[in-house]
Amino acid sequence: MAFRLSNNVIGALNLVTLLLSAPILGGGIWMATRGDGGECDRHLSSPAIALGAVLMAVSLAGLVGACCRVTWLLWVYLLAMFALIVALLGFTAFAFAVTNRGAGEAVSGRGYREYRLGDYSTWLQRHVGSSRNWDKIRSCLAGADVCGSLQDRNETWAQFVADDLSPVQSGCCKPPTSCNFTYGGGTRWGKGKTARLGSAGADQDCDEWSNDADELCYGCRSCKAGVVAVLKRDWKRVAIVNVVFLAFIVVVYSVGCCAFKNSRRDSVYRRSGGWKQAGYA
């Protein structure tokens, strides 16, 4: 009874995973093929397709292997599960390592925080700041119109400084406070007499700022820092979820080992014609 139960549990779990993999794979293919897809969609489609395909293949192997007592499929399934456990362990450890530094800095009299790229781990800085990656991220930010909500606001200066801006809005949709620009409403800023431009001590982002809606501060280090801050936050959350998921996968792997032993035992039984001939009496 216990042997059969392990096969039923593995079969049920893999049936659920198989059903979940279908929309992931379908969504990835849809994002990759639709005509009006932007850079963000195309950037996300490849991981979605890969994840959906791997989940579907592994689930099918586990489902058929457990329900039909196909020993070699269960062996492939357990091998894939072991590789997944090792990969999750490595990614979780790496995620915690690269997200242990950096946080937004409170600005006096402001409701939002500002972000500096140098405060974060070197790997995250290089990963986001490299020309190849940043060009894609910048295109994605512009396509998603992350600053659109600020452009449409008709706020006073007092209302603006009280806003709780997201890290990306703080870094990409306004110049750093150190620039001393004059607020003109929405995402418009004036470079007045007190503005810090072209001097050695000035923030280099001050020269990067543009009132053009397609430019703004997308070329600023503060914008990269805002993206890194969001990435750090999301990776930290994923790492915590991975710890729970990893514990679940280990339990499933253990049940799968029982199902594998059960399948081998049944194979011996069928080949020998009975438990006595197989030496189990």
# chains A, B, ... in the order shown; residues from 1 in each chain; ligands from 1
call {"tool": "residues_around", "arguments": {"residues": "A:Leu141", "least_positions_apart": "6", "cutoff": "12 Å", "atoms": "only C-alpha atoms", "output": "JSON, numbers by chain"}}
result
{"A": [38, 39, 40, 41, 134, 135, 147, 148, 168, 169, 171, 172, 173, 213, 214, 215, 216, 217, 218, 219, 223, 224, 226, 227]}
call {"tool": "write_last_selection", "arguments": {"atoms": "C-alpha atoms", "output": "PDB file, in the first residue's frame"}}
result
ATOM      1  CA  GLY A  38       7.881  45.654 -26.958  1.00  0.00           C
ATOM      2  CA  GLU A  39      11.426  45.079 -25.738  1.00  0.00           C
ATOM      3  CA  CYS A  40      10.180  44.012 -22.303  1.00  0.00           C
ATOM      4  CA  ASP A  41       7.963  41.313 -23.797  1.00  0.00           C
ATOM      5  CA  TRP A 134      21.381  48.749 -19.993  1.00  0.00           C
ATOM      6  CA  ASP A 135      20.342  49.440 -23.588  1.00  0.00           C
ATOM      7  CA  CYS A 147       7.451  58.170 -15.809  1.00  0.00           C
ATOM      8  CA  GLY A 148       4.056  58.659 -17.450  1.00  0.00           C
ATOM      9  CA  VAL A 168      12.788  53.715 -10.635  1.00  0.00           C
ATOM     10  CA  GLN A 169      10.711  56.922 -10.599  1.00  0.00           C
ATOM     11  CA  GLY A 171      16.161  57.644 -10.199  1.00  0.00           C
ATOM     12  CA  CYS A 172      14.872  57.947 -13.775  1.00  0.00           C
ATOM     13  CA  CYS A 173      12.063  60.522 -13.758  1.00  0.00           C
ATOM     14  CA  ALA A 213      10.017  62.742 -22.291  1.00  0.00           C
ATOM     15  CA  ASP A 214      12.027  60.091 -24.155  1.00  0.00           C
ATOM     16  CA  GLU A 215      15.269  61.007 -22.382  1.00  0.00           C
ATOM     17  CA  LEU A 216      14.659  62.393 -18.873  1.00  0.00           C
ATOM     18  CA  CYS A 217      17.289  60.732 -16.647  1.00  0.00           C
ATOM     19  CA  TYR A 218      17.362  57.330 -18.393  1.00  0.00           C
ATOM     20  CA  GLY A 219      21.080  57.799 -18.976  1.00  0.00           C
ATOM     21  CA  CYS A 223      18.378  55.571 -12.881  1.00  0.00           C
ATOM     22  CA  LYS A 224      20.606  52.495 -12.949  1.00  0.00           C
ATOM     23  CA  GLY A 226      16.870  52.685  -9.036  1.00  0.00           C
ATOM     24  CA  VAL A 227      16.689  49.620 -11.280  1.00  0.00           C
TER      25      VAL A 227
END
call {"tool": "residues_around", "arguments": {"residues": "stretch 49-54 of chain A", "least_positions_apart": "3", "cutoff": "6 Å", "atoms": "only C-alpha atoms", "output": "PyMOL selection string"}}
result
chain A and resi 21+24-25+28+46+57
call {"tool": "select_by_dssp", "arguments": {"residues": "stretch 15-154 of chain A", "states": "strand (DSSP E)", "output": "list of chain:residue names"}}
result
A:Glu105, A:Ala106, A:Arg113, A:Glu114
call {"tool": "write_last_selection", "arguments": {"atoms": "C-alpha atoms", "output": "compact mmCIF listing (two decimals), in the first residue's frame"}}
result
# COMPACT_ATOMS: atom_id res chain seq x y z
CA GLU A 105 19.03 57.20 1.20
CA ALA A 106 16.49 59.42 2.93
CA ARG A 113 14.44 58.18 -1.24
CA GLU A 114 17.34 58.56 -3.65
call {"tool": "closest_atom_pairs", "arguments": {"of": "stretch 187-246 of chain A", "to": "stretch 79-101 of chain A", "cutoff": "7 Å", "atoms": "only C-alpha atoms", "output": "JSON lines"}}
result
{"residue": "A:Lys232", "atom": "CA", "partner": "A:Thr99", "partner_atom": "CA", "distance": 5.3}
{"residue": "A:Trp235", "atom": "CA", "partner": "A:Ala95", "partner_atom": "CA", "distance": 6.2}
{"residue": "A:Lys236", "atom": "CA", "partner": "A:Thr99", "partner_atom": "CA", "distance": 6.4}
{"residue": "A:Ala239", "atom": "CA", "partner": "A:Thr92", "partner_atom": "CA", "distance": 5.1}
{"residue": "A:Asn242", "atom": "CA", "partner": "A:Thr92", "partner_atom": "CA", "distance": 6.5}
{"residue": "A:Leu246", "atom": "CA", "partner": "A:Ile85", "partner_atom": "CA", "distance": 6.7}
call {"tool": "closest_residue", "arguments": {"among": "A:Val107, A:Cys67, A:Ile29, A:Ala61", "to": "A:Asn7", "atoms": "only C-alpha atoms"}}
result
A:Cys67
call {"tool": "atom_distance", "arguments": {"atom1": "atom CA of A:Ala103", "atom2": "atom CA of A:Ser130"}}
result
20.9 Å
call {"tool": "residues_around", "arguments": {"residues": "A:Asp163", "least_positions_apart": "6", "cutoff": "8 Å", "atoms": "only C-alpha atoms", "output": "number ranges by chain"}}
result
A: 110-112
call {"tool": "closest_residue", "arguments": {"among": "A:Lys261, A:Val228, A:Gly143, A:Ser108", "to": "A:Thr122", "atoms": "only C-alpha atoms"}}
result
A:Val228
call {"tool": "residues_around", "arguments": {"residues": "A:Asn211", "least_positions_apart": "4", "cutoff": "7 Å", "atoms": "only C-alpha atoms", "output": "list in words"}}
result
Thr187, Arg188, Trp189 and Leu216 of chain A
call {"tool": "write_last_selection", "arguments": {"atoms": "N, CA, C and O atoms", "output": "short mmCIF file (atom, residue, chain, number, x, y, z; two decimals), in the first residue's frame"}}
result
data_model
loop_
_atom_site.label_atom_id
_atom_site.label_comp_id
_atom_site.auth_asym_id
_atom_site.auth_seq_id
_atom_site.Cartn_x
_atom_site.Cartn_y
_atom_site.Cartn_z
N THR A 187 7.38 66.30 -15.09
CA THR A 187 8.80 65.91 -15.19
C THR A 187 9.62 67.04 -15.81
O THR A 187 10.66 66.80 -16.42
N ARG A 188 9.17 68.27 -15.62
CA ARG A 188 9.88 69.43 -16.16
C ARG A 188 10.69 70.09 -15.05
O ARG A 188 10.16 70.40 -13.99
N TRP A 189 11.97 70.30 -15.35
CA TRP A 189 12.87 70.92 -14.38
C TRP A 189 13.71 71.98 -15.08
O TRP A 189 14.17 71.78 -16.21
N LEU A 216 14.69 62.19 -20.32
CA LEU A 216 14.66 62.39 -18.87
C LEU A 216 16.01 62.04 -18.26
O LEU A 216 17.03 62.56 -18.67
#
call {"tool": "residues_around", "arguments": {"residues": "A:Gly185", "least_positions_apart": "2", "cutoff": "8 Å", "atoms": "only C-alpha atoms", "output": "list in words"}}
result
Gln151, Arg153, Asn154, Glu155, Thr156, Trp157, Tyr183, Thr187, Arg188 and Trp189 of chain A
call {"tool": "closest_residue", "arguments": {"among": "A:Cys206, A:Ala225, A:Val161, A:Leu60", "to": "A:Leu13", "atoms": "only C-alpha atoms"}}
result
A:Leu60
